[in-house]
Amino acid sequence: MPLPPGPREPGIVQLVQFSQRPLAWLDDCARKFGDPFTLRMPGLGEFVMAASPALVKEIFTGDDDVLHAGKANALLEPFVGKHSVLLLDGASHLRQRRLLSPPMRGERMQAYASLIAEITRAELARMPVGTPFSLHEHMQSITLEVILRAVFGLEEGAHMRSLRTLLLAMLEPPPAIMAFIPVRYLDFPLSPFRTFVKRRAAVTRALREVIRARRAAQAAGGAPGTDILSLLLGARDEDGAAMTEDELCDELVTMLVAGHETTATALSWAFACLLEHRALADRLRDELAGVDDPAALAGVEYLDLVVKETLRLRPVIPDVVRKTQRPMTFAGFDIPAGVSLAPCIHLAHRRPESWPEPERFLPERFRGAKLDPYAWFPFGGGIRRCIGQAFAMYEMKLVLGTILPRVELRLANPGTVSAVRRTITLAPKHGTRVIIDRRVDEGLVRGTPRATGSPHARPGTGGAGHPPSR
Ligand code: HEM
């Protein structure tokens with residue numbers, strides 16, 4: 001049988017649909033063609049989109065020699081560098097993953113609790129009171145700062161300020177359509193792509209300095225830091241070899257590119273979902289009342305349910321991709337080499353068979369539920385599942401749990417927040433515009449017994465630019 005059915009529009013129309021109105025387009029195609037269906041996009045090839053747990057499982061547990069994610073991510077090379085784990089396949093991918101994974105495991109996250117809470121409180125103090133603003137920009141500042149300090153291990157100072165400036169210049173988002181156009185069409189004099197390449201080179205130079213300085217400090221007998229770079233410097237593969245400077249450099253940029261905008265977007269969605277459902281936001285505030293220690297925030301069950309449901313209903317990335325290296329059979333179809341099999345996160349997360357009332361935001365659905373990795377996979381799956389999952393979910397809980405009890409806030413434009421594409425992510429329109437009505441005295445939050453009502457209803461004491469008192 002040939003490839004599964006799909007839309008007959010010219011490839012360029014499908015590319016524009018997929019980049020400009022991805023969710024509505026995926027929904028339309030699923031309705032018309034069922035599961036799986038095929039999209040065709042010029043320069044990118046054919047994509048077989050799959051949503052049912054059985055098909056998703058077939059892809060995530062398929063033969064790694066045939067299904068390559070690195071090849072499917074080739075467009076990212078100018079961003080992340082050729083040594084990036086995102087671009088590797090086979091043995092070199094497994095080696096890099098083994099080196100990168102231990103510092104990112106869930107049990108290590110507590111080391112970052114106070115740091116994330118501190119960064120969040122400082123950013124909260126910069127949010128205005130009484131005027132509408134985009135929450136997303138503040139979430140980006142938080143997640144960038146967390147990466148600079150927890151992953152790169154930098155301390156506030158001139159060095160960190162200059163690296164932050166270089167990174168922000170590099171991360172300036174190109175027009176969304178650029179994420180779908182092969183580099184050969186973008187690389188011409190004065191193109192935004194050339195500007196990007198120069199900025200990326202400046203970041204690489206600065207990161208090499210950071211790596212060399214940290215290596216020298218460790219060699220001089222300095223205590224190894226708890227940041228991820230310090231741990232990676234000590235990591236050894238099965239042959240006892242350390243990561244090279246090129247590898248470290250590309251992996252640091254990879255963590256930044258893969259972890260900064262994604263986590264900021266997931267946080268913006270979490271606020272959007274909660275503020276669309278004020279009763280649920282109040283409930284969460286009640287559950288957070290009296291939780292003083294940052295590390296304890298991550299243990300608040302309802303916070304965990306809210307994070308999981310946000311990532312289900314509003315996944316940051318709509319699909320992940322594996323490119324076939326040889327012909328294979330999938331779902332009864334003969335798939336030739338060079339086709340991308342794509343577990344579609346958006347469609348899988350909206351299947352009524354897996355998720356009753358899929359369009360509703362219902363954190364309770366996760367209470368006591370065992371996660372099915374082929375029905376809920378906002379972080380992808382199989383041997384390519386996101387290395388930063390534990391880190392991102394921990395950070396989301398800490399940021400939400402730190403902000404919510406300290407401010408009374410609402411959506412600037414009540415109603416459902418719609419999704420827009422920002423290169424490869426799907427973000428809330430206008431970055432979740434909110435209004436903070438007042439800040440809440442921290443002393444009152446901590447001291448208020450739950451029976452007296454939700455603490456966020458207390459009058460605020462601070463204003464824009466005033467850090468909450470400690
Ligand atoms: C809410 C935040 C995040 C989301 C939604 C997310 C999502 C994803 C997805 C969908 C993939 C592809 C998985 C696949 O192909 O099956 C991925 C891969 C990856 N992510 Fe994340 N991510 C997030 C945060 C992070 C963070 C914080 C880091 C690191 C600091 C990170 C590092 C990576 C890396 C290194 C990979 C490549 C794994 C591989 O190819 O083996 N991510 N992520």
# chains A, B, ... in the order shown; residues from 1 in each chain; ligands from 1

$ select_by_dssp --residues "region 22-76 of chain A" --states "helix (DSSP H, G or I)" --output "count of residues only"
27

$ residues_around --residues "Glu287 (chain A)" --least-positions-apart "2" --cutoff "8 Å" --atoms "only C-alpha atoms" --output "list in words"
Arg283, Leu284, Arg285, Ala289, Val300 and Tyr302 of chain A

$ write_last_selection --atoms "all heavy atoms" --output "short mmCIF file (atom, residue, chain, number, x, y, z; two decimals), in the first residue's frame"
data_model
loop_
_atom_site.label_atom_id
_atom_site.label_comp_id
_atom_site.auth_asym_id
_atom_site.auth_seq_id
_atom_site.Cartn_x
_atom_site.Cartn_y
_atom_site.Cartn_z
N ARG A 283 -7.99 27.41 43.88
CA ARG A 283 -7.76 26.13 44.56
C ARG A 283 -6.27 25.89 44.73
O ARG A 283 -5.80 25.48 45.80
CB ARG A 283 -8.43 25.03 43.72
CG ARG A 283 -7.88 23.68 43.98
CD ARG A 283 -8.95 22.69 44.27
NE ARG A 283 -8.33 21.52 44.83
CZ ARG A 283 -8.48 20.30 44.33
NH1 ARG A 283 -9.26 20.12 43.30
NH2 ARG A 283 -7.88 19.29 44.89
N LEU A 284 -5.53 26.16 43.67
CA LEU A 284 -4.08 25.94 43.75
C LEU A 284 -3.46 26.87 44.79
O LEU A 284 -2.61 26.46 45.58
CB LEU A 284 -3.46 26.15 42.36
CG LEU A 284 -1.94 25.95 42.27
CD1 LEU A 284 -1.51 24.59 42.80
CD2 LEU A 284 -1.47 26.09 40.82
N ARG A 285 -3.91 28.12 44.80
CA ARG A 285 -3.38 29.06 45.80
C ARG A 285 -3.64 28.54 47.21
O ARG A 285 -2.79 28.60 48.08
CB ARG A 285 -4.06 30.43 45.67
CG ARG A 285 -3.48 31.26 44.57
CD ARG A 285 -3.96 32.69 44.74
NE ARG A 285 -3.59 33.47 43.60
CZ ARG A 285 -4.36 33.66 42.54
NH1 ARG A 285 -5.55 33.12 42.48
NH2 ARG A 285 -3.93 34.39 41.54
N ALA A 289 -0.82 27.65 50.11
CA ALA A 289 -0.72 28.50 51.31
C ALA A 289 0.03 27.77 52.40
O ALA A 289 -0.23 26.60 52.68
CB ALA A 289 -2.12 28.88 51.79
N VAL A 300 3.75 19.64 46.19
CA VAL A 300 2.31 19.94 46.28
C VAL A 300 1.59 19.22 45.13
O VAL A 300 1.83 19.52 43.96
CB VAL A 300 2.06 21.47 46.22
CG1 VAL A 300 0.58 21.79 46.14
CG2 VAL A 300 2.71 22.16 47.42
N TYR A 302 -1.41 19.13 43.80
CA TYR A 302 -2.25 19.80 42.82
C TYR A 302 -1.41 20.57 41.79
O TYR A 302 -1.78 20.68 40.61
CB TYR A 302 -3.25 20.74 43.52
CG TYR A 302 -4.41 21.11 42.62
CD1 TYR A 302 -5.28 20.13 42.13
CD2 TYR A 302 -4.61 22.42 42.23
CE1 TYR A 302 -6.32 20.46 41.29
CE2 TYR A 302 -5.66 22.76 41.39
CZ TYR A 302 -6.51 21.77 40.91
OH TYR A 302 -7.53 22.09 40.06
#

$ closest_residue --among "A:Ser101, A:Thr226, A:Ser134, A:Thr165" --to "ligand 1" --atoms "only C-alpha atoms and all ligand atoms"
A:Ser101

$ residues_around --residues "Val85 (chain A)" --least-positions-apart "2" --cutoff "10 Å" --atoms "only C-alpha atoms" --output "ChimeraX atom specification"
/A:70,80-83,87-89,92-97,100,247,250-251,254-255,384,387

$ write_last_selection --atoms "N, CA and C atoms" --output "short mmCIF file (atom, residue, chain, number, x, y, z; two decimals), in the first residue's frame"
data_model
loop_
_atom_site.label_atom_id
_atom_site.label_comp_id
_atom_site.auth_asym_id
_atom_site.auth_seq_id
_atom_site.Cartn_x
_atom_site.Cartn_y
_atom_site.Cartn_z
N GLY A 70 17.96 12.22 14.76
CA GLY A 70 19.03 13.18 14.46
C GLY A 70 18.91 13.69 13.04
N VAL A 80 22.28 24.60 16.94
CA VAL A 80 22.82 23.82 18.06
C VAL A 80 24.24 23.31 17.84
N GLY A 81 24.71 23.29 16.59
CA GLY A 81 26.07 22.81 16.33
C GLY A 81 26.09 21.32 16.04
N LYS A 82 27.11 20.89 15.24
CA LYS A 82 27.05 19.50 14.73
C LYS A 82 27.29 18.43 15.79
N HIS A 83 27.81 18.82 16.98
CA HIS A 83 28.04 17.82 18.02
C HIS A 83 26.82 17.62 18.91
N LEU A 87 21.26 16.10 17.10
CA LEU A 87 21.53 15.78 15.70
C LEU A 87 22.14 14.41 15.50
N LEU A 88 22.50 13.76 16.62
CA LEU A 88 23.21 12.48 16.50
C LEU A 88 22.23 11.31 16.43
N ASP A 89 22.72 10.21 15.88
CA ASP A 89 21.93 8.97 15.86
C ASP A 89 22.86 7.82 16.24
N SER A 92 26.77 7.15 18.64
CA SER A 92 27.25 8.46 19.11
C SER A 92 26.14 9.18 19.89
N HIS A 93 24.89 8.98 19.50
CA HIS A 93 23.77 9.58 20.25
C HIS A 93 23.68 8.96 21.65
N LEU A 94 23.77 7.64 21.70
CA LEU A 94 23.66 6.97 23.01
C LEU A 94 24.78 7.39 23.95
N ARG A 95 26.01 7.53 23.39
CA ARG A 95 27.16 7.94 24.22
C ARG A 95 26.87 9.33 24.80
N GLN A 96 26.44 10.24 23.96
CA GLN A 96 26.22 11.61 24.41
C GLN A 96 25.09 11.66 25.44
N ARG A 97 24.05 10.88 25.23
CA ARG A 97 22.92 10.85 26.18
C ARG A 97 23.34 10.32 27.54
N LEU A 100 25.12 13.07 29.27
CA LEU A 100 24.32 14.25 29.62
C LEU A 100 23.24 13.96 30.66
N GLU A 247 32.18 19.44 21.99
CA GLU A 247 30.94 18.76 22.42
C GLU A 247 30.27 19.56 23.54
N ASP A 250 28.61 22.73 22.18
CA ASP A 250 27.36 22.50 21.45
C ASP A 250 26.25 22.01 22.38
N GLU A 251 26.61 21.22 23.39
CA GLU A 251 25.56 20.72 24.30
C GLU A 251 25.03 21.85 25.19
N THR A 254 22.71 23.61 23.04
CA THR A 254 21.53 22.75 22.85
C THR A 254 20.58 22.88 24.04
N MET A 255 21.14 22.84 25.25
CA MET A 255 20.27 22.93 26.43
C MET A 255 19.59 24.29 26.48
N ARG A 384 14.75 9.00 22.61
CA ARG A 384 14.98 10.43 22.36
C ARG A 384 14.21 11.31 23.32
N ILE A 387 15.73 15.17 27.52
CA ILE A 387 16.65 15.01 28.66
C ILE A 387 16.27 15.97 29.79
#

$ select_by_dssp --residues "region 340-382 of chain A" --states "strand (DSSP E)" --output "list in words"
Ser340, Leu341, Ala342 and Pro343 of chain A

$ closest_residue --among "A:Pro318, A:Pro5, A:Pro132, A:Gly388" --to "ligand 1" --atoms "only C-alpha atoms and all ligand atoms"
A:Gly388

$ residues_around --residues "Met170 (chain A)" --least-positions-apart "3" --cutoff "9 Å" --atoms "only C-alpha atoms" --output "PyMOL selection string"
chain A and resi 79+165-167+173+195-200+202-203

$ atom_distance --atom1 "CA of Leu135 (chain A)" --atom2 "CA of Ser268 (chain A)"
6.5 Å

$ atom_distance --atom1 "CA of Cys273 (chain A)" --atom2 "CA of Phe361 (chain A)"
7.0 Å

$ atom_distance --atom1 "CA of Val257 (chain A)" --atom2 "CA of Met104 (chain A)"
15.9 Å

$ residues_around --residues "Ser340 (chain A)" --least-positions-apart "6" --cutoff "12 Å" --atoms "only C-alpha atoms" --output "ChimeraX atom specification"
/A:3,37-41,44-50,59,66-73,319-328,330

$ residues_around --residues "Pro373 (chain A)" --least-positions-apart "6" --cutoff "10 Å" --atoms "only C-alpha atoms" --output "PyMOL selection string"
chain A and resi 53+56-57+60+379-382

$ closest_residue --among "A:Val316, A:Val129, A:Val417, A:Val253" --to "ligand 1" --atoms "only C-alpha atoms and all ligand atoms"
A:Val316

$ residues_around --residues "Gly225 (chain A)" --least-positions-apart "3" --cutoff "10 Å" --atoms "only C-alpha atoms" --output "PyMOL selection string"
chain A and resi 150+153+214+218+222+228-231

$ closest_residue --among "A:Leu207, A:Ile345, A:Ile12, A:Ile403" --to "ligand 1" --atoms "only C-alpha atoms and all ligand atoms"
A:Ile345

$ decode --residues "region 140-170 of chain A" --atoms "C-alpha atoms" --output "short mmCIF file (atom, residue, chain, number, x, y, z; two decimals), in the first residue's frame"
data_model
loop_
_atom_site.label_atom_id
_atom_site.label_comp_id
_atom_site.auth_asym_id
_atom_site.auth_seq_id
_atom_site.Cartn_x
_atom_site.Cartn_y
_atom_site.Cartn_z
CA GLN A 140 11.75 33.97 29.27
CA SER A 141 13.88 36.05 31.65
CA ILE A 142 13.36 33.49 34.42
CA THR A 143 14.17 30.45 32.29
CA LEU A 144 17.23 32.14 30.75
CA GLU A 145 18.52 33.10 34.20
CA VAL A 146 17.92 29.57 35.49
CA ILE A 147 19.94 28.12 32.59
CA LEU A 148 22.76 30.64 33.05
CA ARG A 149 23.05 29.86 36.72
CA ALA A 150 21.92 26.24 37.19
CA VAL A 151 23.19 24.84 33.88
CA PHE A 152 26.17 27.06 32.98
CA GLY A 153 26.98 27.75 36.66
CA LEU A 154 27.56 31.50 36.20
CA GLU A 155 27.44 34.06 39.00
CA GLU A 156 25.98 37.55 38.57
CA GLY A 157 28.69 39.91 37.27
CA ALA A 158 30.14 41.46 34.12
CA HIS A 159 30.91 38.07 32.57
CA MET A 160 27.38 36.82 32.99
CA ARG A 161 25.92 40.11 31.76
CA SER A 162 27.93 39.97 28.53
CA LEU A 163 27.04 36.30 27.89
CA ARG A 164 23.38 37.08 28.57
CA THR A 165 23.47 39.88 25.99
CA LEU A 166 25.10 37.62 23.40
CA LEU A 167 22.60 34.82 24.06
CA LEU A 168 19.62 37.13 23.83
CA ALA A 169 20.87 38.45 20.48
CA MET A 170 21.31 34.89 19.22
#
